[in-house]
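Worksheet: one structure, shown below.
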Amino acid sequence: MHEVIICEKPKSSEKIAGALFPDAMKKKHGKVSYWEHVEGDKRVTIVSAVGHLYSLRPRQSNEEHFFDLEWAPIYEIDKKKGYVKDYLNVIRKFAAGADRYIHACDYDIEGTLIGFNALKYGCGEEALRKTSRMKFSTLTREEIKRAYQNPIEVDYGQVDSGAARHILDFIFGVNISRSLMKSVKAATNRFIKLSAGRVQTPTLAILVEREKEIRDFKPVPYWIIRAELGEGIIAESKRGKIFKRELVDSILEKCQGSDAEVKDVRVRDTIRKPPVPFDLGTLQSEAYRVFGFSPKKTQTIAQNLYTEGYTSYPRTSSQKLPESIGYEKILKNLAKNPRFGVHIERLRGPLKPHEGKKEDDAHPAIHPTGLLPSELSKDEKKVYDLIVHRFISVFGEDAILQTMKVELEIGEEEFSFSRKRVSKAGWMESYPYTKMEDEEFPEISGGDSLAVRSVSADERETKPPARYNEASLIRELERRGLGTKSTRADIIAKLYDRKYIEGKKIRVSPLGENIIDTLTRYCEKITSEELTRQFERELEDIMRGKISKDRVIDEAITEVRSILSDIEENLRDIGKELYRAYQDSRVVGECPACGGKLVIKYSPRNRSTFVGCSSYPDCRTVYSLPKGASVLKSLCEKCGLPMISYGRPRQRACLDPKCGKKKSEVEEVVGKCPECGSDLIKRSGRYGEFVGCKGFPKCRFTCSVDEVPEG
DNA sequence: GCAAGGTC
């Protein structure tokens, strides 16, 4: 009897094998591990998927629209997924033809589909008839054993629901994206990569909405009345923002010549609880706040740390640390590193983590495993240290923040100021990433009279709502239930890649706005959360057997067909507008030669981007860009051209490399050196200008200015 | 080429 257990990912196959058959033989086929266990005449093989092994593709790639889809190995569709082939081959080789199968992927819709497809296409359809299902929510030994001893049936509602999700996303996303690109092609015969989707488009719409709020914002002036009392004390009027100038004047007059009488001094202790353990979103937020890392970068690093065994599974939404992870042992191991040891020594038992609200059935919060890394890159070390310090501080004692609040009266006008200091550091000592307030408390008590140096009105303006950054946008997506913890960072990266958005404080480009405008006209649903909500309702109904998968898909096809035909009717107009917005998005400044627009261009021949005049070929102004450079919004003070940032660490410079330099420092390339092939540079020497090789002193070729070799 | 969702 041959039994096969199929798992979702390598890590869980290792745990499942270890829990059920501690003596099983770990085997390798290429880089991929699997387990074999023999018990009398029963042989058990444990194999693993690596997430989705199969992906959708159109059955006929030459059709105009893609409604007829098929599952194919993901490595055939996506060249970057080559590593999946080895896993699938292990399944094909060692799992096909078994007598019994156990589907042991995560117990959720995607997990059920991953196992189903692996069995159906990797082991053959007959495998499905011999399959039972393990249901577990955590990968603890006890729960794995219990799930193995009490198998259930595969939930085909989940399978259909999962497949429908993939198909619906493809039908909406790919077809609408293609029609947008087609419109540009029809109008201009050019290709620009454009896209729309159930998650990315509402995300862009959120940003566009904020962009419009900022644009339409009318700042209103207001005043804050401040009194300077000496010794660095500045008190503010308790009225807060005052919008009437006359009121400001009358208050200032009232305060004239009076001392400040201290009405009340209150010192209070407030407790600051330790932070909660990291789920992926909070780790991404914190790494952005502390190091400025993009969420995608943090996610990649966390994935590496996990793969190396230093930290736990990163794609979790849990802020809980169950006791079963073994607090003591992890801390004991971490303490071997004195940098962590000093903090761990301070912890007092019994160990109890301060947990957050969010839960995840499949994984605990992100935590160090206790295995100390030997070699980490600079950035990996930053993230690792952050995770370790967070983990330790979660067990720390409460900190105490002391607040002093002083109420004053100056000529019957009420003022106040406050001071803060941490009086007991507690966990804050182990978490060097938060600010510890340490303000002086002045010696003041009720009834005192203080001299007033000056009372003045500070004029300010109301500010528009802040722009999102990547971290705050991820939080917003989470709040709205758009995307998943694993995909949000990628979705945002995609919006940057399409040039829909730009900057750390995210601005929407004209192209991004036009995409939303166009889709609002032709397919408003895809620009809002409505589509996600509709999917959720439909997938729920499929799961419960209230509606068939095929009916939901047929209805979606009808809907998308109608959207596509609406777009088709105005194809050229849509394309013209999109292309114009695309051009506007690339404008970085004004051409100093002809007054036209400088735009970012791409040279396929050199495979590089550069800045050139949009009036080419009439105007041939060009500026090369260093590799990886980005053009900034700020302008050079000397010449008015845009600034660029480039290199590592990032440096800023004018787009024009000659700007601000003396003539002698400017390298003017006039040709190629016939001896070594380097650039020939115009130089000025004692006897006037001459041309020399850039490779000097290695290559000593020189010639006069009018002798420059051709080519 | 195009989506969104798993994962190394």
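Just remember, in the structure tokens the first chain shown is A, the second B, etc., residues are 1-based per chain, and ligands are 1-based in the order shown.
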Residues of chain A within 10 Å of chain B, counting only C-alpha atoms (C1' of nucleotides), as a ChimeraX atom specification: /A:8-10,49-53,55,81,83-84,110-111,113-114,162,165-181,191-200,303-304,307,315,483-484,486-487,491
Writer output for current selection, C-alpha atoms, as an mmCIF file, in the first residue's frame:
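The resulting file, result-v1.cif, is reproduced below:
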```
data_model
loop_
_atom_site.group_PDB
_atom_site.id
_atom_site.type_symbol
_atom_site.label_atom_id
_atom_site.label_comp_id
_atom_site.auth_asym_id
_atom_site.auth_seq_id
_atom_site.Cartn_x
_atom_site.Cartn_y
_atom_site.Cartn_z
ATOM 1 C CA GLU A 8 1.600 23.210 0.339
ATOM 2 C CA LYS A 9 5.186 24.262 0.923
ATOM 3 C CA PRO A 10 8.532 22.691 1.842
ATOM 4 C CA ALA A 49 4.213 21.914 -3.621
ATOM 5 C CA VAL A 50 5.664 25.447 -3.543
ATOM 6 C CA GLY A 51 2.446 27.397 -3.540
ATOM 7 C CA HIS A 52 0.631 27.293 -6.861
ATOM 8 C CA LEU A 53 2.190 24.822 -9.278
ATOM 9 C CA SER A 55 -1.570 28.766 -13.419
ATOM 10 C CA LYS A 81 9.220 30.309 -11.842
ATOM 11 C CA TYR A 83 12.356 26.466 -9.558
ATOM 12 C CA VAL A 84 8.779 25.138 -9.500
ATOM 13 C CA GLU A 110 -6.076 28.784 -2.185
ATOM 14 C CA GLY A 111 -4.522 25.906 -0.264
ATOM 15 C CA LEU A 113 -6.912 24.520 -4.870
ATOM 16 C CA ILE A 114 -3.109 24.136 -4.759
ATOM 17 C CA GLY A 162 -10.716 28.935 -5.611
ATOM 18 C CA ARG A 165 -11.391 33.383 -8.116
ATOM 19 C CA HIS A 166 -8.458 32.752 -10.443
ATOM 20 C CA ILE A 167 -10.643 32.692 -13.531
ATOM 21 C CA LEU A 168 -12.626 35.812 -12.654
ATOM 22 C CA ASP A 169 -9.465 37.779 -11.924
ATOM 23 C CA PHE A 170 -7.997 36.687 -15.226
ATOM 24 C CA ILE A 171 -11.108 37.426 -17.241
ATOM 25 C CA PHE A 172 -11.525 40.916 -15.831
ATOM 26 C CA GLY A 173 -7.866 41.822 -15.405
ATOM 27 C CA VAL A 174 -6.184 40.459 -18.486
ATOM 28 C CA ASN A 175 -8.917 41.331 -20.957
ATOM 29 C CA ILE A 176 -9.425 44.883 -19.755
ATOM 30 C CA SER A 177 -5.655 45.438 -19.575
ATOM 31 C CA ARG A 178 -5.302 44.208 -23.141
ATOM 32 C CA SER A 179 -8.070 46.437 -24.390
ATOM 33 C CA LEU A 180 -6.383 49.482 -22.827
ATOM 34 C CA MET A 181 -3.116 48.627 -24.568
ATOM 35 C CA PHE A 191 2.941 50.052 -27.369
ATOM 36 C CA ILE A 192 2.744 51.018 -23.722
ATOM 37 C CA LYS A 193 2.339 48.472 -20.985
ATOM 38 C CA LEU A 194 -0.921 49.183 -19.201
ATOM 39 C CA SER A 195 -2.943 47.186 -16.752
ATOM 40 C CA ALA A 196 -6.067 47.083 -14.645
ATOM 41 C CA GLY A 197 -7.267 44.630 -12.077
ATOM 42 C CA ARG A 198 -9.587 43.916 -9.178
ATOM 43 C CA VAL A 199 -7.008 45.082 -6.617
ATOM 44 C CA GLN A 200 -4.544 47.353 -8.415
ATOM 45 C CA GLN A 303 11.487 35.758 3.255
ATOM 46 C CA ASN A 304 15.285 35.243 3.081
ATOM 47 C CA THR A 307 14.434 30.495 4.352
ATOM 48 C CA ARG A 315 3.404 35.891 5.496
ATOM 49 C CA GLY A 483 -5.425 42.243 -1.677
ATOM 50 C CA THR A 484 -3.789 39.876 0.778
ATOM 51 C CA SER A 486 1.376 38.549 0.600
ATOM 52 C CA THR A 487 0.352 40.618 -2.413
ATOM 53 C CA ILE A 491 0.546 45.560 -6.089
#
```
Residues of stretch 419-560 of chain A in alpha helix (DSSP H), written as number ranges by chain: A: 470-480, 488-497, 510-522, 530-543, 549-560
Atom-to-atom span, atom CA of A:Glu143 and atom CA of A:Ala19, Å: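 Going from atom CA of A:Glu143 over to atom CA of A:Ala19, I get 9.1 Å.
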Of the listed residues A:His367, A:Lys296, A:Lys597, A:Lys336, that which approaches A:Arg488 most closely, counting only C-alpha atoms: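 Selected residue with least distance to A:Arg488: A:Lys296.
Note that the spacing between atom CA of A:Phe66 and atom CA of A:Ser562 amounts to 13.9 Å.
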From a DSSP calculation on the backbone, collect every residue of stretch 491-534 of chain A in strand (DSSP E or B) and output the set as a PDB file with C-alpha atoms, in the first residue's frame.
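Saved result, states-v1.pdb, follows:
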```pdb
ATOM      1  CA  ILE A 501       2.462  56.698  -9.493  1.00  0.00           C
ATOM      2  CA  GLU A 502       5.781  58.189  -8.424  1.00  0.00           C
ATOM      3  CA  ARG A 507       1.850  61.276  -6.356  1.00  0.00           C
ATOM      4  CA  VAL A 508      -0.355  60.036  -9.166  1.00  0.00           C
TER       5      VAL A 508
END
```
Between atom CA of A:Thr369 and atom CA of A:Leu283 - distance in Å to one decimal: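 These two atoms are separated by 16.3 Å.
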Who sits within 7 Å of A:Val262, only C-alpha atoms (C1' of nucleotides), same chain under 6 positions skipped, as an MDAnalysis selection string: chainID A and resid 407:409 445:449
Residue selection dump (C-alpha atoms) as a short mmCIF file (atom, residue, chain, number, x, y, z; two decimals), in the first residue's frame:
```cif
data_model
loop_
_atom_site.label_atom_id
_atom_site.label_comp_id
_atom_site.auth_asym_id
_atom_site.auth_seq_id
_atom_site.Cartn_x
_atom_site.Cartn_y
_atom_site.Cartn_z
CA GLU A 407 -2.29 75.66 33.12
CA LEU A 408 -1.61 79.38 33.05
CA GLU A 409 -3.47 82.62 32.78
CA SER A 445 3.83 75.17 41.37
CA GLY A 446 0.30 76.53 41.51
CA GLY A 447 0.06 80.22 42.42
CA ASP A 448 3.49 81.06 41.01
CA SER A 449 3.77 84.11 38.85
#
```
Residue neighbourhood A:Glu126, 10 Å, only C-alpha atoms (C1' of nucleotides), exclusion window fewer than 4 positions, as a ChimeraX atom specification: /A:96-99,119-120,130-131
All residues 9 Å or closer to A:Leu351, only C-alpha atoms (C1' of nucleotides), same chain fewer than 6 positions away omitted, as a PyMOL selection string: chain A and resi 327-328+395-396
Any chance you can output those residues with N, CA, C and O atoms as a CSV table (one decimal), in the first residue's frame?
```
chain,number,residue,atom,x,y,z
A,327,TYR,N,9.2,30.1,24.2
A,327,TYR,CA,9.8,31.4,24.5
A,327,TYR,C,11.2,31.3,25.1
A,327,TYR,O,12.2,31.9,24.6
A,328,GLU,N,11.3,30.4,26.1
A,328,GLU,CA,12.5,30.3,26.9
A,328,GLU,C,13.7,29.9,26.0
A,328,GLU,O,14.8,30.5,26.1
A,395,PHE,N,8.1,41.0,25.6
A,395,PHE,CA,8.0,40.3,27.0
A,395,PHE,C,8.4,41.3,28.1
A,395,PHE,O,8.5,40.9,29.2
A,396,GLY,N,8.8,42.5,27.7
A,396,GLY,CA,9.3,43.5,28.7
A,396,GLY,C,8.2,44.0,29.6
A,396,GLY,O,7.0,43.8,29.5
```
From A:Tyr54, A:Gly481, A:Ser456, A:Asn333, residue lying nearest A:Ala118 [only C-alpha atoms]: A:Tyr54
